[in-house]
Amino acid sequence: MSNQGIAAEGMKMCLKLVNDVSSITATLHSNHTLTSLDVEDMNPDGSLDADDEIQRHIYEATEINSIYEGVSNPEAAGREKLIQTQLHSEKRAALCRLQGVDHSVFSEIDPLHLPAVLSLIGRRHGQGELHLALKSSIMTLFSMVNVRKCIQQQRAYHAAIVAEHRTKMEELDAKLTSMDEAVEVNE
């Protein structure tokens with residue numbers, strides 16, 4: 001499909017069709033079967049403008065669709081788009097700017113899943129992205145800490161150690177008692 005005079009807003013709608021970053025769910029429900037969508041509008045002098053940036057993002061999304069087309073797995077294409085765009089700070093910022101989105105993706109992630117997501121970011125995008133993700137999600141990580149539960153867990157841990165030591169002391173006392181009895185018998 002060629003642009004046939006599609007304006008920038010129309011190009012943004014095409015981008016949102018293949019990779020909607022307004023939410024995690026929206027990304028997962030974007031079109032994952034369209035493998036070619038050419039809305040190119042290169043300047044005559046070969047320079048890039050905002051429209052070319054939109055085209056680049058459309059190309060990246062349809063390229064992911066192409067990769068997963070052969071395995072007939074649109075859900076995997078959705079997950080890959082999520083990883084490559086929602087969990088990458090620069091790509092997400094650019095896509096959010098183009099699509100008018102202004103909230104953090106981390107607000108949508110269950111705090112219990114956040115450590116696994118952060119690990120995925122570190123593995124797929126490197127330490128720099130992991131650092132940015134940690135900065136963006138640190139309050140969510142802290143909010144999931146239940147101080148009372150942590151104290152209860154620490155208490156249970158130390159109580160188990162005390163119980164282990166008591167058992168060891170009882171064993172040692174039993175050995176001492178048996179040694180004392182053996183000495184008394186020999187006397």
# chains A, B, ... in the order shown; residues from 1 in each chain; ligands from 1

$ residues_around --residues "Leu98 (chain A)" --least-positions-apart "5" --cutoff "12 Å" --atoms "only C-alpha atoms" --output "VMD selection string"
chain A and resid 8 to 16 19 to 22 50 to 55 57 to 58 91 to 93

$ write_last_selection --atoms "C-alpha atoms" --output "PDB file, in the first residue's frame"
ATOM      1  CA  ALA A   8       0.895  12.916   9.045  1.00  0.00           C
ATOM      2  CA  GLU A   9      -2.166  12.260  11.238  1.00  0.00           C
ATOM      3  CA  GLY A  10      -3.223   9.434   8.921  1.00  0.00           C
ATOM      4  CA  MET A  11       0.281   7.990   9.115  1.00  0.00           C
ATOM      5  CA  LYS A  12       0.095   8.128  12.923  1.00  0.00           C
ATOM      6  CA  MET A  13      -3.191   6.215  12.767  1.00  0.00           C
ATOM      7  CA  CYS A  14      -1.500   3.571  10.600  1.00  0.00           C
ATOM      8  CA  LEU A  15       1.305   3.374  13.165  1.00  0.00           C
ATOM      9  CA  LYS A  16      -1.201   2.964  15.981  1.00  0.00           C
ATOM     10  CA  ASN A  19       1.768  -0.840  17.312  1.00  0.00           C
ATOM     11  CA  ASP A  20      -0.514   0.965  19.760  1.00  0.00           C
ATOM     12  CA  VAL A  21       1.557   1.975  22.807  1.00  0.00           C
ATOM     13  CA  SER A  22      -1.311   3.536  24.771  1.00  0.00           C
ATOM     14  CA  ALA A  50       8.717  13.488  11.235  1.00  0.00           C
ATOM     15  CA  ASP A  51       6.802  11.516   8.597  1.00  0.00           C
ATOM     16  CA  ASP A  52       9.879   9.397   7.927  1.00  0.00           C
ATOM     17  CA  GLU A  53      10.156   8.692  11.658  1.00  0.00           C
ATOM     18  CA  ILE A  54       6.563   7.422  11.615  1.00  0.00           C
ATOM     19  CA  GLN A  55       7.369   5.254   8.590  1.00  0.00           C
ATOM     20  CA  HIS A  57       8.264   2.790  13.350  1.00  0.00           C
ATOM     21  CA  ILE A  58       5.635   1.301  11.031  1.00  0.00           C
ATOM     22  CA  LYS A  91      11.567   3.742  21.394  1.00  0.00           C
ATOM     23  CA  ARG A  92       8.710   4.074  23.874  1.00  0.00           C
ATOM     24  CA  ALA A  93       9.342   7.818  24.277  1.00  0.00           C
TER      25      ALA A  93
END

$ closest_residue --among "A:Ile24, A:Val147, A:Ala133, A:Ile161" --to "Ser89 (chain A)" --atoms "only C-alpha atoms"
A:Ala133

$ atom_distance --atom1 "CA of Cys96 (chain A)" --atom2 "CA of Thr27 (chain A)"
12.0 Å

$ residues_around --residues "region 108-120 of chain A" --least-positions-apart "4" --cutoff "9 Å" --atoms "only C-alpha atoms" --output "number ranges by chain"
A: 23-24, 83, 87, 104, 124-125, 130, 133-134, 137, 140-141, 143-144

$ closest_residue --among "A:His29, A:His88, A:Val101, A:Ala61" --to "Gln127 (chain A)" --atoms "only C-alpha atoms"
A:His88

$ atom_distance --atom1 "CA of Ser30 (chain A)" --atom2 "CA of Tyr59 (chain A)"
14.3 Å

$ atom_distance --atom1 "CA of Thr62 (chain A)" --atom2 "CA of Glu80 (chain A)"
11.6 Å

$ select_by_dssp --residues "chain A" --states "alpha helix (DSSP H)" --output "VMD selection string"
chain A and resid 8 to 18 24 to 28 50 to 69 74 to 81 89 to 99 114 to 125 127 to 143 147 to 186

$ closest_residue --among "A:Asn146, A:Gln86, A:Asn65, A:Gln152" --to "Ile121 (chain A)" --atoms "only C-alpha atoms"
A:Gln86

$ closest_residue --among "A:Met139, A:Ser178, A:Ala77, A:Ala94" --to "Phe106 (chain A)" --atoms "only C-alpha atoms"
A:Met139
